[in-house]
Each structure stands twice: as structure tokens, then as C-alpha cells.
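K.L.:
This is the structure I want to talk about, given as C-alpha cells.
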Amino acid sequence: MIQITDLEKFYRTEEVQTIALNKLSFGVKEGEFVAIMGPSGCGKSTLLNILGLLDDPDGGSFKFNGEEVSGYNERKRSELRKHNIGFVFQSFNLIDELTVFENVELPLIYTGVKPAERKKKVEAVLEKMQIMHRRNHFPQQLSGGQQQRVAVARAVVNNPKLILADEPTGNLDSTNGNEVMDLLIDLNEAGTTIIMVTHSEHDAKYSHRIIRMLDGQKVTENILA
Amino acid sequence: MIKNYFKIALRSLKKNKLYTGINIFGLSIGLSACVLISLYISSELTYDSFHKNSDRIVRATMEYKLSGEVNTAAVTGTKVGPELTRKIPGIDDYVRTYISSGTVKNGDKVFAEDRILFADPSFFKMFSFNLLQGDASSVLDASNKIVLTESMAKKYFGTDNPIGKIIHAFDEDFVVSGVCKDTPKNSQIKFDFVTQFLNLNNNVKREQWWSANWITYFLLKKSVDINDIEEQIDEYMLTDLVKKEARLDDGDYLKFHLEPLLDVHLKSDLAGFEPNGNITYIYVFIIITVLILLIAIANYTNLATAQSTTRSGEIGVRKVMGATKKQVFFQFISEATTVTIISTLIALGISILLIPYFNAITGQSFTRLELIQPLPILLLLIFCVVVSALAGLYPALVLSNAKVISILKNGFGSTNRNGSLKKALIVGQFAISVFLIIFTLIIVQQMDYVQSKDLGYNKDHVIVLPIRGDMLNNFQSLKEAFQQVESVTSVTASYETPEFVEWSDGIVAVDENGEHDVSVKAMPVDLDFVKTMGMKLVAGRDFIQTDFALMDTINSDNRDYREPYLINETLAKRIGWKPDEAIGRTISKRVDGPVFGVVEDFHFSSLHEPIGPLLIFLGRNYSRNFMVRIAGDDIQGTLHRIESAWSERVSAIPFDYHFLDEDYNALYESERRSSILFTVAAGLSVLLACLGLFGLVAFSVVQRTKEIGIRKVLGANLGNIMLLISKNFLVLVIIAVVIASPFAYWVSKNWLQNFTYRIEPQFYIFIIAGILTVVITLVTVSYHSLRAAIANPVESLRTE
């Protein structure tokens, strides 16, 4: 599903150039659950941004479903993203002004789904995530675990093929964290590919494969299942 | 999707109450100014356009040259209308008009009326004043017919049908032949009664080129060219026959210009029945509105852009979820639109409330109903769209263009680019405010100067009593009665009041240096004029009772008829006489007469004009006003006593009075209005600019919370922190003062050029305006900076 080869990314300030990704290569098959680990600053988040088509690589190749996407313009990337990729962030990134229902509905609005169908889909996913009773609450009225469940609901409401999760349990206590991990496992078992960046060895163990990075390069790769 | 935009917009506005409040307040004020000003402008621009023939009606004005001097007037002689209609084929019809005052009576209903129009019979055919009863072609076809407006019909006849009833005016009985709607307020001819022109007096029955007192309108034939007609008139006026009739010497001329009816109000220099509007006034109004609206829009742009830092997360998420640039753009435009729609509704409310005050400033009489009409509402909608676009454009562009990854990573740093826009907008807002402050101060100073200037006479405590009907026959007894009233110090009478003399004339003075022809203003007065007006004589004496003997036509069979004269210093100088030398010399104003006195120059015209030569002659029979000087104490009581003296002698004529200083103040009515307008505009612009600044400072303090905390931990004191926050804003405001001052100087200097007697813009005014602005800025900024400065640094650091 994903194949990156010799991927490079630099950050330049006026005087210094930092290498964030240094000729990184690996592939992810459809239905896989991959965890990416490494210390702060090793390039994990940069990688995730590129995989999520939020950022451009400076070199190398990035194939998504066999198609080279590294040269795509903003519009094409946006199209590909909104139909294929769901995001889960460490800090949830829910919009404060929107209710639970409206937050989850957002990706459907941008993909042009009709209102009646939107309602059906959102309600289904809220049921699944067991937060239907909170549908009319605003994010600040929810606990961290509930917020992340909403974020996951939002990420999956469009039935994306790929979910990119950036430290999804980083802001949660262990009970809530485990619940979120269970949700991700369920999704993966239903066929969704998941790439998760994490600091937590505990969370990483849920995955099929752990890629460890340092200074923009892959250091090791452990297959767990 | 759109529903979603507006839902988000409303929620986000609700969340940021301070900014929303500032924006809505500013835009409401700006928009209501727009609504009211549009009302005024549309009324001015549609002046007289309700006449069906408005494109074919012209007003004839007169230009003449006599003894080398060229003059113009909006009034013409009685011959102009009929003669030119007979001679010039392109002219279809004429109407001569005059508005007079008089007492109108129906039974026990007696009122002094000021708007009695005398007009030729085709008046209602040429002009489209809406006749409710009566036929346009016959309502004025007999000399005893009179047309009333609806209000007059009600005033004199109540609910009865007035048609065919008798009404009494000018010692005659008139039959009411028609009732027309009240004259629209945007009409140059405004009347309450109309009767035949020839009813005025016997003089008007004779056709003559001179004795120009009447306003003449022509109806031109369809599709003729005004310039062609004017040329034909010029040609005709040069014929020997006309020259002879008009007694024109070689080098003299008399000609007529035709002003399209629709141009009279705004474009003519010559006032007719009423002072003309001024197109400059309209421009000034438009500019002020736009400036205020710009300040409000700048507030929106600045606050919305500043807020973008806190909205970065939201925008990032939206973009990650698949929102396109266009979608984010429209979301922020819809926020601006939401704010504008709310402001528009409030603006409509404010405008409705402010109508009476607006009328007071503009001298108009708009009604609240006029605001709730399709046109003003349509205009409001247009403003709404334009303002949403202008205010929302920049923030929407900045926010929608930002790259997702950089927002998610860093948020919106205040990039240098939008930082300089913010600064430019603040400088612009304050420059507008400073400009308005300076200009207002200068207008107010000049108006003060006008009020306190020594005019050469004392305008205070003089009661003016208009002489109406047969009061002239009771002149002496009335004058004596007034003189005997307690607290009355002196009584005189004159044709015009001294603050504005319009009577133009010409004199000839002969001395050892030859003949001196001088164009003068002339003033017929009664005895005690100099004394009552508090004028000073620089030589000779005032008129005395025995001077009347000079004008005795009964005992001297006209051979020795002489008119006694007083002249002003300027006239003496113009002739070449020192004041002392003038006494006893002879001057001729068609009639020879001796100069008895020279009065110190006084302002008999507005301070816009220099003092010219003036001739004062003894002419009791011309008197149109008694002028009664009273002691300053117990004015009400004195008025009561004068009123009883009046009603004992002329009970049929309603008592009517005003004060001389009111006449004087009326000369500066438009300046007085400008000064109010500018004061309001300056106040509003400062208020709005400061509100914007208040919001921005609040924002900047939030953004710099951590920095402030660290500085305090490191030892910064209250003063350091306040300076840190205020410094940047203060620099911008000082730049604004520097930019606005020269411009304000230039504009004020130009405005003051309109006055012959004027102040000089003083340097200290600019200093005051500058200091005022800086102090206001400091006060505005200090609230938030003080709060930041006294906050516990631990709190501010914890927010990270």
C-alpha cells in the first residue's frame, strides 16, 4: 500500500540545515499495523506528515497504492487525503466550537456527503465508539479519553484505508489509553491499515511490526506477529 | 456547508466577546453613518426632480454691467418672462414668482404666514405640484383665486372642504380654487398658498427690464438646446430697441442665463428662494462616512488577523480533514458577513433613533419612515456585502493560504507581512482621527472668532419686529409706544437688518478731483439707527428729526428735495475723502443730498466678505423691521410689555419677533453645522480607533504572557512591563500624528480661505491634538498592560 524509498526531508533556517529524514526506505502492506518508535527529534512526526500528505519530501520516492504521490500539488493531495487517510493526534485536535457530532461530521462535509447520509454515518460511528450519549457536547465538556474516542471516530467516519496515529495515547491515562488502543486494534482487524507513532513500548506491542528510528534513519525493524 | 459556516461563525463570535463587541459596535456606527448620509445625499441629488418637466424647466438669471461693474442676480424684471417667450421660438411658457409674507384670516383663525407664493397662471401646468383638488389649467385663472396646501386647508378649514370658500389676505378676499399636497422638502419652491403673480401690487403689471425682484422660470420646447436659446436671448438683448428700453449706455449690457432646474440647488452660485445646497458639502459628507467606515473595517481586519493565531489549530484540523483553500476562505468570509449582518441590523436601529439629531445637524427634516423604504434597505444590503468583503478579505486570505503543516506545527506566527499591515492600519486609523481632531479644533476656533469679533455694532439684546400689513401707517405711534416700554433703551427701523445688507445701488460724488462713480450697498433707515445699533460715528452726526424737512415734497414742490446721507469709512476712502472732509459734501443717489456723518466700518455682510462701501439714507417708508434695543435684564418681561404695546395698536397682526443675533448666527449656519459634524466625526473616529487598539493590546498581552512572566521573574518592574507593551503602539500613533498634521494644516488653511476675516492655524493646536491623541492612546493601552504587569509571573508561566 505504501512504499517509500530513499525519502529525504531537510529543515532549513537561515544558517543551519537539519536533516529530518535521511534516505529512509520501507513499505507497509494493506491491513498492516505498524508502530514507529524513536527518541524525540528522530524524524517520526516528519515521516507521519509526509505519509499523511501534509508535507512534501525533499527527495526520494513515495508511492501510495502504487502511484507516485511525492510530486502532487496541494489540491490533488487534499483529494487523496480526504478519501483515503484518517488522522488521530496526540492532542486530539477537536474543534472547540463544534459539538461531538459536528466534529465527527466534518470530514463527511468536506467530501460532499449528503446530510441524511452524514447523519446515518456519524451516528453509526458514535455508537461504535460508545459516545452517542455525548453527541451534543462540546469537546471541553468531555474527558481526555472521550475526546480521543471522538477523534478516532472522526478519523474513521469516512472509512479510510489508512489511519495515521501520532502518539494517540500520549495525553491519556493508562485506562483511557488502553481503550483507545483497543479501538485501533478493532479497526485494524476490520481491515484498516494503521501506522502509529509512539513513545510507549506498551502501545507498540499492539502492532505487527515496530520500526525504530534515530536521526532520520531506520535503525531496526521488529516483526511481532 | 453554508449553514455550517454560519454556525461556526456564530459560535466563534460568541466565544470572543470582546473582539466581537468591538467589531459590531464599530461597524454599526460606520454603517449607520452610511445610511443617514445616503439619505441626505439622495435627497440632495433628487432635488426638484419630481417635476415631470424638470428637464425642460430653466431658471433665468441676470448678468449686467453698469458703470463698468458686472453683477449677477437670480432675480429678474417683470418683462423677462413674457417678452422672451414672445420673441424666442424655443421657449414655450414662463412663470414669474415671488414669495411674500402676510396675515391670512378665515373667521377667527388669523395667522402670520411666510410662504405665500405669487405666480403666473401656468404655474401648476409647468410644475408638478400635486393638485388634490382643482384643475391645473384653471386654479389660477382669475385674480381672486388662491390654492392652499393640504396643511393650510386643515389649518384654516379643519375637516371642511375648502373649495369655493373665502379666505382673507392682503386686504382682499380670495376664493379657494384648489388644494395641493404640501411641497416636497426637496423642492426649491416651497409654499403654503399660491395666488396670481399680478396680485402682488400695481408695479408688477408694468413690464420692465429692471426692478428685478422676481424669479422667472421658462418652460423650453422639447429637445431644444439651452445654449442655442441663450445665444438667441443674447442677440435679442443687444438690439437697439432693448438697449433703449433698458436705458443701457455704451459698454453697459444686460443679459440672461438659463440654469437647468435640476442644477439650481447644487450647482448654482445664485440663491433663489432659499440658500442653495452645496455639492462640496456632499463630498465632505461622503468622505467623512468613508473614513469612519474605514476605521471600523480596519478594526475588523486587525482583530480577525490577530485572532488567527488562536484559530490555527482549528484551521489545521479542517485542512487535514480535507477542507480546500476555498472552503477555509469562505468560512472566514462568512464570519465577516455574520458580523456585518448583525451590525447592519443594529445600524438600521441606530439610524432610526438618530434621525432627529441628524436632522438637527443637516437642517433637513427626514422622517423615520423614509429609512424603511426599499432604496435605503437595498443600499444597506450593498454596504453589507462590500463591508463583509473588505473586512473579511485579508484575514480569510491569510488563513486559507497558510500551509497545514506549518499551522499544525507552529501555529500562525505573526509573520512580518501581516505585522506591517497591522501597523499600517493602526497608523491609518489614528492619522484619520488626528486629522479630524485638528480640523475640528480649527473650525471651532474660527467659529469662536466669528462669534466674538467686534462687528462695529452690538448685535446683542436687539429685538427685531417685522413690519407687516398696515403697520407702516401706525409707524410713529408704534415706535413711540415701544420707546416708552420699561427697559427699552432705543428704537429704530430699517429695510434690512445690519448683519446682511443686500440692497445694491450706485452713487456719484463730485469734488475738486472730478466725478466718482461708486457701486455701494445701501440701507434705508429711520432715526436713531446709529445709536440703537451701538455703532460709532468717526465724523459728523446721526440723522435727526429736522433732516426730514429736506425731503419735504409738499412745501417745496420738489425743487429743493434733498436726501440726507450717512456713509461708512470705506465709502469715504473709496471716493478719496478723509472722514472729516466728507461732512457737508454732496453725494447723488439719483437724488442729491448732503453727507451728515461717517460711521465707523461695520460688518454688514458675513465675515466671508470684506467690508465694502455703504450708503445709509433716511428712508422711514422703506422700513421692514423695527429694531428695539433692550437692557439685558428681564428679557421675558420686556418682551411681554412690547407685545402688549403691539397688540394695543395693531391687534389684527400676530406678534412676531426674533433677536438680531439669531439673524447674525444664521449667516454661519452651514459653518455651525460643519463644526458639529466634524466634532461628532472626530469623536467617533477616535472612539473606534481606540476600541480597535484596546482589542489589539488585549491580544498582544495574551500572546506575550510567557515573555512578560519571564521578564518579571528576571526582575522587570511594573513600569518596564507597561513600557514594553505601550511602546510599539505609541510609536505608531506618533507616526500618525506626524503624517496627519501637514495634511490637516493644508485642509484647514484652504477652508479658512473662505473667510476674509479669519484666524491663522496656530502651531499649538497641532501640539494639543498630538498630546490629546497620545494621552488617549496611553489610557487605552494602559488597562491591559497594567493587568499584565501586576499579574503573578508564576501564573503567566504556567499557561505554557
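Ordering of the C-alpha cells sets the chain letters (A, B, ...); residue numbers start at 1 within each chain; ligands are numbered from 1 in the order shown.
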As an NGL selection string, could you give me every residue of chain A near chain B (at most 7 Å apart, counting only C-alpha atoms)?
P.N.:
:A and (54-55 or 78 or 81-82 or 93 or 95 or 97 or 107 or 109-110)
K.L.:
Looking only at the backbone, which of the residues in region 135-187 of chain A does DSSP tag as helix (DSSP H, G or I), as a ChimeraX atom specification?
P.N.:
/A:139-141,144-156,174-187
K.L.:
Please list as a ChimeraX atom specification every residue within 9 Å of region 524-539 of chain B, counting only C-alpha atoms and excluding residues in the same chain fewer than 6 positions away.
P.N.:
/B:456-459,462,489-496,498,545,568-569,579-583,596-602,615-623,627-629
K.L.:
Pick out the residues sitting within 9 Å of His199 (chain A), and hand them over as an NGL selection string; count only C-alpha atoms, and ignore anything fewer than 6 positions along from it in its own chain.
P.N.:
:A and (36-40 or 167 or 170)
K.L.:
Please tabulate, as JSON lines, the residues of region 8-98 of chain A that come within 12 Å of region 152-157 of chain A, each with its closest pair of atoms and the distance in Å to one decimal, counting only C-alpha atoms and ordering rows by chain, then residue number upward.
P.N.:
```
{"residue": "A:Arg81", "atom": "CA", "partner": "A:Ala155", "partner_atom": "CA", "distance": 11.4}
{"residue": "A:Lys82", "atom": "CA", "partner": "A:Ala155", "partner_atom": "CA", "distance": 10.0}
{"residue": "A:His83", "atom": "CA", "partner": "A:Val157", "partner_atom": "CA", "distance": 10.6}
{"residue": "A:Asn84", "atom": "CA", "partner": "A:Val156", "partner_atom": "CA", "distance": 9.9}
{"residue": "A:Ile85", "atom": "CA", "partner": "A:Ala155", "partner_atom": "CA", "distance": 7.8}
{"residue": "A:Gly86", "atom": "CA", "partner": "A:Ala155", "partner_atom": "CA", "distance": 4.2}
{"residue": "A:Phe87", "atom": "CA", "partner": "A:Ala155", "partner_atom": "CA", "distance": 5.2}
{"residue": "A:Val88", "atom": "CA", "partner": "A:Val152", "partner_atom": "CA", "distance": 5.9}
{"residue": "A:Phe89", "atom": "CA", "partner": "A:Val152", "partner_atom": "CA", "distance": 8.9}
{"residue": "A:Gln90", "atom": "CA", "partner": "A:Val152", "partner_atom": "CA", "distance": 11.0}
{"residue": "A:Ser91", "atom": "CA", "partner": "A:Val152", "partner_atom": "CA", "distance": 11.9}
{"residue": "A:Phe92", "atom": "CA", "partner": "A:Val152", "partner_atom": "CA", "distance": 8.6}
{"residue": "A:Asn93", "atom": "CA", "partner": "A:Arg154", "partner_atom": "CA", "distance": 10.6}
{"residue": "A:Leu94", "atom": "CA", "partner": "A:Arg154", "partner_atom": "CA", "distance": 9.1}
{"residue": "A:Ile95", "atom": "CA", "partner": "A:Arg154", "partner_atom": "CA", "distance": 11.3}
```
K.L.:
Only all heavy atoms, please: the residues just picked out, written as a CSV table (one decimal), in the first residue's frame.
P.N.:
```csv
chain,number,residue,atom,x,y,z
A,81,ARG,N,-6.1,12.6,0.3
A,81,ARG,CA,-6.1,12.5,1.7
A,81,ARG,C,-7.5,12.3,2.3
A,81,ARG,O,-7.8,11.5,3.1
A,81,ARG,CB,-5.5,13.8,2.3
A,81,ARG,CG,-5.2,13.9,3.8
A,81,ARG,CD,-4.4,15.0,4.1
A,81,ARG,NE,-5.0,16.3,3.8
A,81,ARG,CZ,-4.4,17.4,3.3
A,81,ARG,NH1,-3.2,17.3,3.0
A,81,ARG,NH2,-5.1,18.5,3.0
A,82,LYS,N,-8.4,13.2,1.8
A,82,LYS,CA,-9.7,13.1,2.4
A,82,LYS,C,-10.5,11.8,2.1
A,82,LYS,O,-11.4,11.5,2.8
A,82,LYS,CB,-10.5,14.4,2.1
A,82,LYS,CG,-11.0,14.6,0.7
A,82,LYS,CD,-11.6,16.0,0.7
A,82,LYS,CE,-12.0,16.4,-0.7
A,82,LYS,NZ,-12.4,17.8,-0.8
A,83,HIS,N,-10.1,11.2,1.0
A,83,HIS,CA,-10.8,9.9,0.7
A,83,HIS,C,-10.1,8.7,1.3
A,83,HIS,O,-10.8,7.6,1.4
A,83,HIS,CB,-11.0,9.7,-0.8
A,83,HIS,CG,-12.0,10.7,-1.3
A,83,HIS,ND1,-11.7,11.7,-2.1
A,83,HIS,CD2,-13.4,10.8,-1.1
A,83,HIS,CE1,-12.8,12.4,-2.5
A,83,HIS,NE2,-13.8,11.8,-1.8
A,84,ASN,N,-8.9,8.8,1.6
A,84,ASN,CA,-8.1,7.6,2.0
A,84,ASN,C,-7.5,7.5,3.4
A,84,ASN,O,-7.1,6.5,3.9
A,84,ASN,CB,-7.0,7.3,1.0
A,84,ASN,CG,-7.5,7.0,-0.4
A,84,ASN,OD1,-8.1,6.0,-0.6
A,84,ASN,ND2,-7.5,8.0,-1.3
A,85,ILE,N,-7.3,8.7,4.0
A,85,ILE,CA,-6.5,8.8,5.2
A,85,ILE,C,-7.2,9.4,6.3
A,85,ILE,O,-7.9,10.4,6.2
A,85,ILE,CB,-5.2,9.5,5.0
A,85,ILE,CG1,-4.4,9.0,3.7
A,85,ILE,CG2,-4.3,9.5,6.2
A,85,ILE,CD1,-3.2,9.8,3.3
A,86,GLY,N,-7.2,8.7,7.5
A,86,GLY,CA,-7.7,9.3,8.7
A,86,GLY,C,-6.6,9.6,9.7
A,86,GLY,O,-5.6,9.0,9.7
A,87,PHE,N,-6.8,10.7,10.5
A,87,PHE,CA,-5.7,11.1,11.4
A,87,PHE,C,-6.2,11.0,12.8
A,87,PHE,O,-7.3,11.5,13.1
A,87,PHE,CB,-5.3,12.6,11.1
A,87,PHE,CG,-4.6,12.7,9.8
A,87,PHE,CD1,-5.3,12.9,8.6
A,87,PHE,CD2,-3.2,12.7,9.8
A,87,PHE,CE1,-4.6,13.1,7.4
A,87,PHE,CE2,-2.5,12.9,8.6
A,87,PHE,CZ,-3.2,13.1,7.4
A,88,VAL,N,-5.3,10.6,13.7
A,88,VAL,CA,-5.6,10.7,15.2
A,88,VAL,C,-4.3,11.4,15.8
A,88,VAL,O,-3.2,10.9,15.5
A,88,VAL,CB,-5.8,9.3,15.8
A,88,VAL,CG1,-6.0,9.4,17.3
A,88,VAL,CG2,-6.9,8.6,15.1
A,89,PHE,N,-4.6,12.5,16.5
A,89,PHE,CA,-3.4,13.2,17.1
A,89,PHE,C,-3.3,13.0,18.5
A,89,PHE,O,-4.3,12.7,19.2
A,89,PHE,CB,-3.7,14.7,16.8
A,89,PHE,CG,-3.8,15.1,15.4
A,89,PHE,CD1,-5.1,15.2,14.8
A,89,PHE,CD2,-2.7,15.3,14.6
A,89,PHE,CE1,-5.3,15.6,13.5
A,89,PHE,CE2,-2.9,15.7,13.3
A,89,PHE,CZ,-4.2,15.8,12.7
A,90,GLN,N,-2.1,13.2,19.1
A,90,GLN,CA,-1.9,13.2,20.5
A,90,GLN,C,-2.8,14.1,21.2
A,90,GLN,O,-3.4,13.8,22.2
A,90,GLN,CB,-0.4,13.5,20.8
A,90,GLN,CG,-0.1,13.5,22.3
A,90,GLN,CD,1.3,13.9,22.6
A,90,GLN,OE1,2.1,14.1,21.6
A,90,GLN,NE2,1.7,13.9,23.8
A,91,SER,N,-2.9,15.4,20.7
A,91,SER,CA,-3.7,16.4,21.4
A,91,SER,C,-5.1,16.5,20.9
A,91,SER,O,-5.8,17.5,21.0
A,91,SER,CB,-3.0,17.7,21.3
A,91,SER,OG,-2.7,18.0,20.0
A,92,PHE,N,-5.6,15.4,20.3
A,92,PHE,CA,-7.0,15.2,19.8
A,92,PHE,C,-7.3,16.2,18.7
A,92,PHE,O,-8.0,15.8,17.7
A,92,PHE,CB,-8.0,15.4,20.9
A,92,PHE,CG,-7.6,14.9,22.3
A,92,PHE,CD1,-7.8,15.6,23.4
A,92,PHE,CD2,-7.0,13.6,22.4
A,92,PHE,CE1,-7.4,15.1,24.7
A,92,PHE,CE2,-6.5,13.1,23.6
A,92,PHE,CZ,-6.7,13.9,24.8
A,93,ASN,N,-7.0,17.5,18.8
A,93,ASN,CA,-7.3,18.4,17.7
A,93,ASN,C,-8.7,18.4,17.4
A,93,ASN,O,-9.1,18.5,16.2
A,93,ASN,CB,-6.4,18.2,16.5
A,93,ASN,CG,-5.1,18.9,16.6
A,93,ASN,OD1,-4.9,19.8,17.4
A,93,ASN,ND2,-4.1,18.4,15.9
A,94,LEU,N,-9.6,18.5,18.4
A,94,LEU,CA,-11.0,18.6,18.1
A,94,LEU,C,-11.3,20.1,18.0
A,94,LEU,O,-10.6,20.9,18.6
A,94,LEU,CB,-11.9,18.0,19.2
A,94,LEU,CG,-11.7,16.5,19.3
A,94,LEU,CD1,-12.5,16.0,20.5
A,94,LEU,CD2,-12.2,15.8,18.1
A,95,ILE,N,-12.3,20.5,17.2
A,95,ILE,CA,-12.6,22.0,17.1
A,95,ILE,C,-13.5,22.4,18.2
A,95,ILE,O,-14.6,21.8,18.4
A,95,ILE,CB,-13.2,22.3,15.7
A,95,ILE,CG1,-12.1,22.0,14.6
A,95,ILE,CG2,-13.6,23.8,15.7
A,95,ILE,CD1,-12.6,22.3,13.2
```
K.L.:
Measuring between only C-alpha atoms, which one of B:Val58, B:Leu714, B:Leu465, B:Leu66 shows the shortest distance to Asp505 (chain B)?
P.N.:
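Looking at the shortest contact to Asp505 (chain B), the residue is B:Leu66.
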K.L.:
For Asn474 (chain B), list every protein, DNA or RNA residue within 10 Å, evaluated using only C-alpha atoms, and leave out those in the same chain fewer than 5 positions away; present the list as number ranges by chain.
P.N.:
B: 479, 649-650
K.L.:
Please produce an output containing N, CA and C atoms for each residue in the selection, written as a PDB file, in the first residue's frame.
P.N.:
```pdb
ATOM      1  N   LYS B 479     -43.645 103.143  17.249  1.00  0.00           N
ATOM      2  CA  LYS B 479     -42.285 103.447  17.677  1.00  0.00           C
ATOM      3  C   LYS B 479     -42.292 104.131  19.049  1.00  0.00           C
ATOM      4  N   ARG B 649     -52.069  98.391  19.545  1.00  0.00           N
ATOM      5  CA  ARG B 649     -52.133  99.238  18.347  1.00  0.00           C
ATOM      6  C   ARG B 649     -52.444  98.478  17.065  1.00  0.00           C
ATOM      7  N   VAL B 650     -51.864  97.282  16.902  1.00  0.00           N
ATOM      8  CA  VAL B 650     -52.127  96.517  15.667  1.00  0.00           C
ATOM      9  C   VAL B 650     -52.583  95.104  16.039  1.00  0.00           C
TER      10      VAL B 650
END
```
K.L.:
Identify which of the residues A:Asp166, A:Asp186, A:Asp173, A:Glu117 lies closest to Gly144 (chain A), counting only C-alpha atoms when measuring atom-to-atom distances.
P.N.:
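Closest residue, counting only C-alpha atoms: A:Asp173.
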K.L.:
Can you list, as number ranges by chain, every protein, DNA or RNA residue that comes within 9 Å of Val774 (chain B) when you count only C-alpha atoms, leaving out same-chain residues fewer than 2 positions away?
P.N.:
B: 730, 733-734, 737, 769-772, 776-779
K.L.:
Take the residues from that selection and write them out as a short mmCIF file (atom, residue, chain, number, x, y, z; two decimals), in the first residue's frame, keeping N, CA, C and O atoms.
P.N.:
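Final file, result_2.cif:
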```
data_model
loop_
_atom_site.label_atom_id
_atom_site.label_comp_id
_atom_site.auth_asym_id
_atom_site.auth_seq_id
_atom_site.Cartn_x
_atom_site.Cartn_y
_atom_site.Cartn_z
N LEU B 730 2.56 53.22 20.82
CA LEU B 730 2.76 54.66 20.94
C LEU B 730 3.54 55.20 19.74
O LEU B 730 3.20 56.26 19.19
N VAL B 733 1.26 55.65 16.87
CA VAL B 733 0.36 56.79 16.99
C VAL B 733 1.12 58.09 16.73
O VAL B 733 0.60 59.00 16.08
N ILE B 734 2.37 58.14 17.18
CA ILE B 734 3.16 59.35 16.92
C ILE B 734 3.40 59.51 15.41
O ILE B 734 3.29 60.60 14.86
N VAL B 737 0.38 61.03 13.97
CA VAL B 737 0.29 62.47 14.22
C VAL B 737 1.15 63.22 13.20
O VAL B 737 0.72 64.22 12.60
N ALA B 769 -3.54 68.57 19.68
CA ALA B 769 -4.12 67.39 19.06
C ALA B 769 -3.20 66.19 19.24
O ALA B 769 -3.65 65.08 19.55
N GLY B 770 -1.90 66.42 19.06
CA GLY B 770 -0.92 65.35 19.21
C GLY B 770 -0.93 64.80 20.63
O GLY B 770 -1.04 63.59 20.85
N ILE B 771 -0.84 65.73 21.61
CA ILE B 771 -0.80 65.29 23.01
C ILE B 771 -2.09 64.56 23.37
O ILE B 771 -2.08 63.49 23.99
N LEU B 772 -3.21 65.12 22.92
CA LEU B 772 -4.51 64.51 23.19
C LEU B 772 -4.53 63.06 22.70
O LEU B 772 -4.93 62.13 23.41
N ILE B 776 -4.79 59.72 24.97
CA ILE B 776 -5.89 58.76 24.77
C ILE B 776 -5.32 57.37 24.50
O ILE B 776 -5.79 56.36 25.03
N THR B 777 -4.28 57.31 23.68
CA THR B 777 -3.66 56.01 23.37
C THR B 777 -3.13 55.37 24.65
O THR B 777 -3.35 54.18 24.91
N LEU B 778 -2.43 56.18 25.45
CA LEU B 778 -1.83 55.63 26.67
C LEU B 778 -2.91 55.08 27.60
O LEU B 778 -2.75 53.99 28.16
N VAL B 779 -4.00 55.83 27.72
CA VAL B 779 -5.08 55.38 28.59
C VAL B 779 -5.64 54.05 28.06
O VAL B 779 -5.86 53.10 28.80
#
```
K.L.:
Counting only C-alpha atoms, what is within 8 Å of Asn717 (chain B), bar same-chain residues fewer than 4 positions away, as a list in words?
P.N.:
Lys712, Ile721 and Ala789 of chain B
K.L.:
Dump N, CA and C atoms for the selected residues as a compact mmCIF listing (two decimals), in the first residue's frame?
P.N.:
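Generated output (out_2.txt):
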```
# COMPACT_ATOMS: atom_id res chain seq x y z
N LYS B 712 9.43 39.31 34.26
CA LYS B 712 9.18 39.67 35.66
C LYS B 712 10.03 38.83 36.59
N ILE B 721 7.27 46.80 32.26
CA ILE B 721 6.31 45.98 31.51
C ILE B 721 5.34 46.88 30.75
N ALA B 789 1.06 43.62 33.85
CA ALA B 789 2.22 43.96 34.67
C ALA B 789 2.04 43.52 36.12
```
K.L.:
Considering only strand (DSSP E or B) as DSSP defines it on the backbone, what residues of region 60-190 of chain A qualify? List them as an MDAnalysis selection string.
P.N.:
chainID A and resid 60:64 67:68 85:88 162:166
